[in-house]
Structures are given as structure tokens and as C-alpha cells.
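J.: Take this structure, written in C-alpha cells, and hold onto it; I'll ask about it next.
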Amino acid sequence: MDPRRARDPRLARADPRLQRVQSGSPAPPSHQPQYPEQGPSNPQSDISYQYDSQDPNRSATTPDTQSTVAYKPRPLFCVVCASNQNRSMEGHCVLAKAGYRVISSGTGSAVRLPGPSIDKPNIYPFGTPYNSIYEELNSKDPRLYSANGLLQMLDRNRRIKLAPERWQENRTVADIVITCEERCFDAVCDDLLTRGGEFNKPVHIINIEIKDNHEEALIAGKAMLDLAAAVGLTGHKIEAAEDIDENIDKILQDQQESTHTISCTRLRSIDSFALMEHHPLE
């Protein structure tokens with residue numbers, strides 16, 4: 001024995017590594033972190049694992065449930081005149097610029113525009129592009145049709161949509177229909193009644209009497225915008241109202257002082273027949 005081992009207690013102890021080698025006992029396992037075996041990715045199990053590590057009392061099968069708000073689509077406006085040229089397109093332009101969902105159409109049998117004389121109007125079928133009408137009138141008499149404002153009107157129209165549309169041929173049913181004269185109002189009501197209960201949804205039809213000239217159309221366009229943005233007694237706008245059926249009467253009452261006469265009907269298609277309630281506001 002080494003004499004130094006007797007004097008130094010540290011050297012007196014045998015080296016355990018040498019003893020394991022001499023005895024042939026297996027070495028203990030190395031202390032390395034154990035990782036789970038790689039398998040197919042499962043987002044649900046990953047989410048559950050994260051929730052378990054954050055909160056042991058949370059269920060591992062379902063993530064935290066968040067309150068969901070029911071989706072409420074914005075109402076669709078439709079502005080209707082006879083030829084879908086002047087009054088309805090002015091309203092379409094104003095509402096579209098303000099960010100509303102809006103379409104427009106006409107109830108006449110054809111598109112009629114002023115001609116060189118009162119007994120010689122320019123007549124076009126619905127669906128004729130505004131640009132084609134513009135180019136034809138510009139080639140006929142640009143001075144006349146610039147003086148009466150037709151070319152300016154058609155130039156505006158062609159920037160909004162392709163061509164005039166006929167109400168009776170349009171299958172899109174708006175939530176709120178604004179007509180520009182009584183005969184258009186009657187034509188819209190009659191057409192919806194003949195359609196029956198296709199969609200089973202309420203349609204609010206509001207009539208604003210507007211003379212068919214450019215000056216009146218400009219004034220009425222602002223009135224339509226005020227009506228669309230009107231705040232009724234309930235504090236709701238037409239677009240933001242929780243229930244348009246409940247708030248439309250109160251909203252229209254606030255608009256009675258408008259320079260234009262407003263009348264409203266609520267038309268609801270139910271199955272194979274329609275129920276119509278008139279609400280004159282004059």
C-alpha cells in the first residue's frame with residue numbers, strides 16, 4: 001500500500017470508477033433530458049398541452065370558449081325611377097360615395113331620354129350600355145345634349161355601372177327600396193306581390209316625389225342620403241338599427257320636415273301571398 005494513503009485521508013478512499021471497472025457492474029444511465037417520440041402534428045393536442053401547463057384545472061379537451069357576436073349583414077338599398085338614368089342614378093351615386101350598399105333600377109318598359117323635340121324622344125332597351133348611349137347622342141348633336149345635361153348625366157352613369165337595369169327583371173331584392181315617384185312605387189309593390197313568397201323577408205318601400213330634372217335630382221340625392229343616415233327616436237340609424245321593422249316608422253317620422261313628400265309601405269312576403277301595410281307620412 002502506498003504510504004501516502006495512510007497519511008492523506010482523501011487518498012485513502014478507493015476510486016469508485018476503478019471499482020466499477022474492476023467489478024464489471026454496468027454504468028448508471030446518463031442524466032439526459034427525455035423527449036417524447038416525434039409523431040404526426042396534432043394542433044388540438046398541442047393546444048390542450050399548453051392549457052394543461054398553464055392551468056391544471058382547465059379542461060384538456062376544449063380550449064377557452066370566447067363569446068361570439070352574431071353576424072348582421074348591412075342593409076341593401078335600391079333606388080328606383082322610370083328609366084334608371086337621372087333620379088335613381090343620382091341617388092345611387094350619392095349613397096355609393098357615402099359607403100352604403102346600393103343598387104338601382106327602373107320600372108319603365110324602356111329607357112326614354114329627351115330628344116330634339118318633345119314628340120321625338122330617344123328610346124333604348126334596358127341593358128343598353130350607358131357608354132353606347134353617350135357616344136350615340138354625342139355623335140348626333142353634342143351641342144344640344146350638352147346643353148340639356150344628358151351627356152354629363154350619361155358620363156356620370158357610365159362611371160357607376162355598365163347599363164340601366166329594369167326592376168322587373170332584377171332578382172336581387174333589397175332591404176330598403178327608395179322610389180322616385182308614385183307610379184314607380186306602385187310598380188314595385190305590384191311586382192313584389194306577383195312574386196309571392198320567394199324570399200320570405202320584409203322589404204321597406206319608401207317613396208320620395210321627385211320631378212324628373214337635374215336640379216331636383218341633386219336635391220333629392222341629398223335627401224336620400226339624409227334618410228339613409230337618419231337617426232330615429234330610438235337613436236338608431238337605418239343601417240345600424242337592431243330591427244329595421246321596429247325602428248323604420250320612428251326614423252321616417254324624423255324626416256317628415258323634409259322638402260319632399262315621403263310615404264312608406266312595409267311589404268312582407270309570406271309563403272304564397274303578401275301582406276302590405278301602408279304608412280303615409282305626409
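Residues in the C-alpha cells are numbered from 1 in each chain, the chains being A, B, ... in the order shown, and ligands are numbered from 1 in the order shown.
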When DSSP works through the backbone of this structure, what residues of stretch 108-152 of chain A end up as strand (DSSP E or B), shown as a list in words?

T.: Val111, Arg112, Leu113, Pro114, Gly115, Pro116, Ser117, Lys120, Pro121, Asn122, Ile123 and Tyr124 of chain A

J.: Mind dumping the selected residues with N, CA, C and O atoms as a JSON list (two decimals), in the first residue's frame?

T.:
[["chain", "number", "residue", "atom", "x", "y", "z"],
["A", 111, "VAL", "N", -86.00, 52.60, -71.83],
["A", 111, "VAL", "CA", -85.29, 53.80, -71.39],
["A", 111, "VAL", "C", -85.65, 54.93, -72.34],
["A", 111, "VAL", "O", -85.41, 54.84, -73.54],
["A", 112, "ARG", "N", -86.20, 56.01, -71.79],
["A", 112, "ARG", "CA", -86.60, 57.16, -72.59],
["A", 112, "ARG", "C", -85.84, 58.39, -72.15],
["A", 112, "ARG", "O", -85.86, 58.76, -70.98],
["A", 113, "LEU", "N", -85.19, 59.03, -73.12],
["A", 113, "LEU", "CA", -84.43, 60.25, -72.86],
["A", 113, "LEU", "C", -84.92, 61.35, -73.80],
["A", 113, "LEU", "O", -85.40, 61.08, -74.91],
["A", 114, "PRO", "N", -84.80, 62.61, -73.37],
["A", 114, "PRO", "CA", -85.26, 63.71, -74.23],
["A", 114, "PRO", "C", -84.54, 63.72, -75.58],
["A", 114, "PRO", "O", -83.34, 63.41, -75.67],
["A", 115, "GLY", "N", -85.29, 64.07, -76.61],
["A", 115, "GLY", "CA", -84.74, 64.16, -77.95],
["A", 115, "GLY", "C", -84.77, 65.58, -78.47],
["A", 115, "GLY", "O", -84.92, 66.53, -77.69],
["A", 116, "PRO", "N", -84.65, 65.75, -79.79],
["A", 116, "PRO", "CA", -84.67, 67.11, -80.36],
["A", 116, "PRO", "C", -86.01, 67.81, -80.17],
["A", 116, "PRO", "O", -86.08, 69.04, -80.19],
["A", 117, "SER", "N", -87.10, 67.05, -79.99],
["A", 117, "SER", "CA", -88.41, 67.64, -79.71],
["A", 117, "SER", "C", -89.14, 66.73, -78.74],
["A", 117, "SER", "O", -88.75, 65.57, -78.53],
["A", 120, "LYS", "N", -90.22, 63.41, -80.08],
["A", 120, "LYS", "CA", -89.17, 62.57, -80.65],
["A", 120, "LYS", "C", -88.14, 62.22, -79.58],
["A", 120, "LYS", "O", -86.98, 62.67, -79.63],
["A", 121, "PRO", "N", -88.52, 61.43, -78.62],
["A", 121, "PRO", "CA", -87.56, 61.05, -77.58],
["A", 121, "PRO", "C", -86.57, 60.01, -78.10],
["A", 121, "PRO", "O", -86.81, 59.33, -79.10],
["A", 122, "ASN", "N", -85.49, 59.88, -77.41],
["A", 122, "ASN", "CA", -84.52, 58.81, -77.69],
["A", 122, "ASN", "C", -84.89, 57.61, -76.81],
["A", 122, "ASN", "O", -84.92, 57.72, -75.58],
["A", 123, "ILE", "N", -85.17, 56.50, -77.46],
["A", 123, "ILE", "CA", -85.65, 55.31, -76.74],
["A", 123, "ILE", "C", -84.63, 54.18, -76.92],
["A", 123, "ILE", "O", -84.20, 53.90, -78.05],
["A", 124, "TYR", "N", -84.29, 53.54, -75.82],
["A", 124, "TYR", "CA", -83.34, 52.44, -75.82],
["A", 124, "TYR", "C", -83.88, 51.31, -74.94],
["A", 124, "TYR", "O", -84.57, 51.57, -73.96]]

J.: What lies within 9 Å of A:Asp212 using only C-alpha atoms, ignoring chain neighbours under 6 positions off, as a list in words?

T.: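 Skipping anything fewer than 6 positions along the chain leaves Asn86, Arg87 and Cys180 of chain A.
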
J.: Between A:Val188, A:Ile133, A:Val173, A:Leu76, single out the one closest to A:Gly106, counting only C-alpha atoms.

T.: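 For A:Gly106, the nearest of the given residues is A:Val188.
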
J.: Based on the backbone DSSP call, show me all residues of stretch 63-153 of chain A assigned alpha helix (DSSP H), as a ChimeraX atom specification.

T.: /A:87-97,130-140,142-147,150-153

J.: Go ahead and save the residues from that selection, with N, CA, C and O atoms, as a compact mmCIF listing (two decimals), in the first residue's frame.

T.:
# COMPACT_ATOMS: atom_id res chain seq x y z
N ARG A 87 -82.81 60.34 -61.80
CA ARG A 87 -83.07 60.41 -60.36
C ARG A 87 -82.48 59.20 -59.61
O ARG A 87 -81.82 59.38 -58.57
N SER A 88 -82.71 58.01 -60.11
CA SER A 88 -82.20 56.83 -59.40
C SER A 88 -80.68 56.76 -59.44
O SER A 88 -80.04 56.33 -58.47
N MET A 89 -80.08 57.23 -60.52
CA MET A 89 -78.62 57.17 -60.61
C MET A 89 -77.97 58.26 -59.77
O MET A 89 -76.85 58.09 -59.28
N GLU A 90 -78.66 59.39 -59.59
CA GLU A 90 -78.15 60.40 -58.67
C GLU A 90 -78.14 59.86 -57.24
O GLU A 90 -77.16 60.01 -56.49
N GLY A 91 -79.25 59.21 -56.85
CA GLY A 91 -79.29 58.59 -55.54
C GLY A 91 -78.26 57.47 -55.39
O GLY A 91 -77.61 57.33 -54.35
N HIS A 92 -78.11 56.67 -56.44
CA HIS A 92 -77.10 55.59 -56.44
C HIS A 92 -75.71 56.17 -56.22
O HIS A 92 -74.92 55.67 -55.41
N CYS A 93 -75.41 57.25 -56.94
CA CYS A 93 -74.09 57.86 -56.86
C CYS A 93 -73.82 58.41 -55.45
O CYS A 93 -72.75 58.18 -54.87
N VAL A 94 -74.80 59.12 -54.89
CA VAL A 94 -74.61 59.75 -53.58
C VAL A 94 -74.44 58.69 -52.49
O VAL A 94 -73.55 58.77 -51.64
N LEU A 95 -75.30 57.68 -52.51
CA LEU A 95 -75.22 56.64 -51.48
C LEU A 95 -73.95 55.81 -51.60
O LEU A 95 -73.35 55.42 -50.60
N ALA A 96 -73.56 55.52 -52.84
CA ALA A 96 -72.34 54.73 -53.04
C ALA A 96 -71.11 55.49 -52.55
O ALA A 96 -70.21 54.91 -51.93
N LYS A 97 -71.06 56.79 -52.82
CA LYS A 97 -69.93 57.59 -52.36
C LYS A 97 -69.87 57.65 -50.84
O LYS A 97 -68.80 57.77 -50.25
N TYR A 130 -74.50 52.52 -70.91
CA TYR A 130 -74.51 53.99 -70.85
C TYR A 130 -73.50 54.58 -71.81
O TYR A 130 -73.74 55.63 -72.42
N ASN A 131 -72.38 53.93 -71.97
CA ASN A 131 -71.35 54.45 -72.86
C ASN A 131 -71.83 54.46 -74.31
O ASN A 131 -71.52 55.40 -75.07
N SER A 132 -72.58 53.43 -74.71
CA SER A 132 -73.10 53.39 -76.08
C SER A 132 -74.11 54.51 -76.30
O SER A 132 -74.11 55.15 -77.38
N ILE A 133 -74.98 54.76 -75.32
CA ILE A 133 -75.94 55.86 -75.44
C ILE A 133 -75.21 57.19 -75.50
O ILE A 133 -75.54 58.09 -76.30
N TYR A 134 -74.18 57.33 -74.67
CA TYR A 134 -73.39 58.57 -74.66
C TYR A 134 -72.77 58.82 -76.03
O TYR A 134 -72.86 59.94 -76.57
N GLU A 135 -72.13 57.82 -76.59
CA GLU A 135 -71.46 58.02 -77.88
C GLU A 135 -72.45 58.30 -79.00
O GLU A 135 -72.18 59.12 -79.89
N GLU A 136 -73.61 57.65 -78.94
CA GLU A 136 -74.61 57.90 -79.99
C GLU A 136 -75.15 59.31 -79.92
O GLU A 136 -75.25 60.00 -80.95
N LEU A 137 -75.52 59.78 -78.73
CA LEU A 137 -76.04 61.14 -78.60
C LEU A 137 -74.97 62.18 -78.90
O LEU A 137 -75.24 63.24 -79.48
N ASN A 138 -73.74 61.88 -78.51
CA ASN A 138 -72.65 62.82 -78.79
C ASN A 138 -72.38 62.95 -80.28
O ASN A 138 -72.00 64.01 -80.77
N SER A 139 -72.61 61.86 -81.02
CA SER A 139 -72.43 61.91 -82.47
C SER A 139 -73.61 62.58 -83.17
O SER A 139 -73.44 63.16 -84.24
N LYS A 140 -74.79 62.53 -82.56
CA LYS A 140 -75.97 63.14 -83.17
C LYS A 140 -75.93 64.66 -83.06
O LYS A 140 -76.01 65.37 -84.06
N PRO A 142 -73.92 67.03 -80.25
CA PRO A 142 -73.24 67.26 -78.97
C PRO A 142 -73.62 68.57 -78.31
O PRO A 142 -73.67 68.66 -77.08
N ARG A 143 -73.94 69.58 -79.10
CA ARG A 143 -74.29 70.87 -78.52
C ARG A 143 -75.63 70.78 -77.78
O ARG A 143 -75.75 71.27 -76.65
N LEU A 144 -76.61 70.16 -78.42
CA LEU A 144 -77.93 70.04 -77.80
C LEU A 144 -77.88 69.20 -76.52
O LEU A 144 -78.40 69.61 -75.48
N TYR A 145 -77.24 68.06 -76.62
CA TYR A 145 -77.26 67.13 -75.49
C TYR A 145 -76.29 67.52 -74.37
O TYR A 145 -76.40 67.02 -73.26
N SER A 146 -75.39 68.45 -74.69
CA SER A 146 -74.58 69.03 -73.62
C SER A 146 -75.36 70.14 -72.92
O SER A 146 -75.27 70.30 -71.70
N ALA A 147 -76.13 70.89 -73.71
CA ALA A 147 -76.91 71.98 -73.14
C ALA A 147 -78.00 71.47 -72.20
O ALA A 147 -78.27 72.08 -71.16
N LEU A 150 -77.69 65.93 -70.80
CA LEU A 150 -77.73 64.47 -70.98
C LEU A 150 -76.33 63.85 -71.04
O LEU A 150 -76.10 62.79 -70.45
N LEU A 151 -75.42 64.51 -71.73
CA LEU A 151 -74.08 63.94 -71.86
C LEU A 151 -73.37 63.90 -70.49
O LEU A 151 -72.69 62.93 -70.17
N GLN A 152 -73.54 64.94 -69.71
CA GLN A 152 -72.95 64.95 -68.37
C GLN A 152 -73.56 63.85 -67.49
O GLN A 152 -72.86 63.18 -66.72
N MET A 153 -74.87 63.67 -67.62
CA MET A 153 -75.55 62.64 -66.84
C MET A 153 -75.07 61.25 -67.24
O MET A 153 -74.77 60.41 -66.39

J.: Which residue out of A:Leu162, A:Cys189, A:Ala220, A:Val203 has the minimum interatomic distance to A:Pro75 when only C-alpha atoms are used?

T.: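 Among A:Leu162, A:Cys189, A:Ala220, A:Val203, it is A:Val203 that comes nearest to A:Pro75.
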
J.: Between atom CA of A:Ile103 and atom CA of A:Phe77, what is the distance in Å, rounded to a tenth?

T.: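 If I compute the distance from atom CA of A:Ile103 to atom CA of A:Phe77, I get 6.3 Å.
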
J.: I'd like the interatomic distance between atom CA of A:Cys184 and atom CA of A:Ala110, to a tenth of an Å.

T.: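 Going from atom CA of A:Cys184 over to atom CA of A:Ala110, I get 13.5 Å.
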
J.: Report, in Å with one decimal, the straight-line distance from atom CA of A:Leu225 to atom CA of A:Thr107.

T.: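 Going from atom CA of A:Leu225 over to atom CA of A:Thr107, I get 21.7 Å.
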
J.: Taking only C-alpha atoms into account, which of A:Ala174, A:Ile208, A:Ile160, A:Ala228 comes nearest A:Tyr100?

T.: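 Looking only at the distances to A:Tyr100, the closest residue turns out to be A:Ala228.
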